[in-house]
There are 2 protein chains.
Amino acid sequence: MAVKSLQDLFHETLKDIYYVEKKLVRALPKMAKNAESPELREAIEAHLTETEGQVERLEQIFEIVEKRAQAKKCEAMDGILREADEVLSEVEDGATDAAIIASAQTVEHYEIARYGTLASWARQLGMDEAAELFDETLTEEKEADQKLSALAERTSNQQAAAA
Amino acid sequence: MAVKSLQDLFHETLKDIYYVEKKLVRALPKMAKNAESPELREAIEAHLTETEGQVERLEQIFEIVEKRAQAKKCEAMDGILREADEVLSEVEDGATDAAIIASAQTVEHYEIARYGTLASWARQLGMDEAAELFDETLTEEKEADQKLSALAERTSNQQAAAA
């Protein structure tokens with residue numbers, strides 16, 4: 001059994017979030033394709049571009065800590081995406097966007113938790129450059145989450161107006 | 001294949017978060033027992049009491065919607081807790097609290113995402129009483145998350161001072 005220091009925890013969690021972001025790059029196009037409203041589709045496509053940038057930022061951090069960029073299976077993310085797929089396969093027209101937004105927000109919040117932790121650990125370990133990169137992504141994830149909340153409101157108002 | 005309306009989505013997600021909270025009631029005592037600092041132990045114990053109240057609040061909501069209180073396996077939560085157990089079994093003294101706080105924050109953020117969605121859907125479905133109950137829990141979860149962030153900072157400062 002490996003006994004882990006804060007530095008090891010940092011490295012393991014970095015591999016965890018790298019897995020999450022890379023998996024999200026593959027999952028977002030399917031979410032965008034299934035979106036009913038053009039606004040949601042565009043928001044997801046914009047977040048895909050952002051996510052690709054976040055993957056690159058993580059690769060920069062692997063360079064800073066002089067480790068090979070490597071993903072480690074994240075069971076939480078796999079669980080979130082399995083639930084998202086299941087719901088999407090069962091949902092009826094008119095509720096699809098609500099289901100997609102809800103799933104996307106669980107991903108965003110997993111990322112917000114992880115980036116918050118990683119930024120804090122990076123500072124504790126004296127890696128200020130890495131901490132700033134995590135903070136940049138953290139800001140993007142929080143904004144993505146708020147945008148999804150706003151879209152959820154708007155989608156529901158449009159449905160109410162059309163009813 | 002069940003075709004699901006927003007009402008069905010609401011009910012499925014309610015069963016999902018009920019599973020999460022009940023599972024957390026069983027997981028928190030282990031986290032508290034493993035905590036190194038008394039502040040973290042007390043914070044987790046306080047959150048256990050709060051979580052028991054949140055379970056009751058969910059049971060009230062099941063009553064409001066006239067459904068049997070029923071939990072539905074949440075793969076995301078199971079994944080989060082498996083990762084938490086794995087990390088805790090491997091971490092060395094001095095980094096235990098950092099690991100516990102990080103795991104607890106992924107749980108809090110999963111809950112924040114879910115309660116935000118449920119409050120929004122409850123309003124769309126005209127269930128204002130349920131929405132208010134979700135909001136109460138949402139506020140508690142956000143405060144619990146902030147408290148954990150503050151504890152992470154404090155723990156690290158104490159370690160730095162002792163080094």
# chains A, B, ... in the order shown; residues from 1 in each chain; ligands from 1
>>> residues_around(residues="A:Val91", least_positions_apart="2", cutoff="7 Å", atoms="only C-alpha atoms", output="number ranges by chain")
A: 87-89, 93, 95-96; B: 3-5
>>> interface_residues(of="chain B", to="chain A", cutoff="7 Å", atoms="only C-alpha atoms", output="list in words")
Met1, Ala2, Val3, Lys4, Ser5, Leu6, Glu75, Ala76, Met77, Gly79, Ile80, Glu90, Val91, Glu92, Ala95, Ala102, Gln105, Thr106, His109, Tyr110, Ala113, Thr117, Gln124 and Ser156 of chain B
>>> closest_residue(among="B:Ala43, B:Asn34, B:Leu138, B:Val65", to="B:Ala122", atoms="only C-alpha atoms")
B:Val65
>>> residues_around(residues="A:Ile44", least_positions_apart="5", cutoff="10 Å", atoms="only C-alpha atoms", output="PyMOL selection string")
chain A and resi 28-33+35+38-39+49-50+100-101+104+144+148
>>> atom_distance(atom1="atom CA of B:Ala131", atom2="atom CA of A:Glu140")
27.7 Å
>>> atom_distance(atom1="atom CA of B:Glu141", atom2="atom CA of B:Leu40")
16.0 Å
>>> atom_distance(atom1="atom CA of A:Gly126", atom2="atom CA of A:Ile64")
12.0 Å
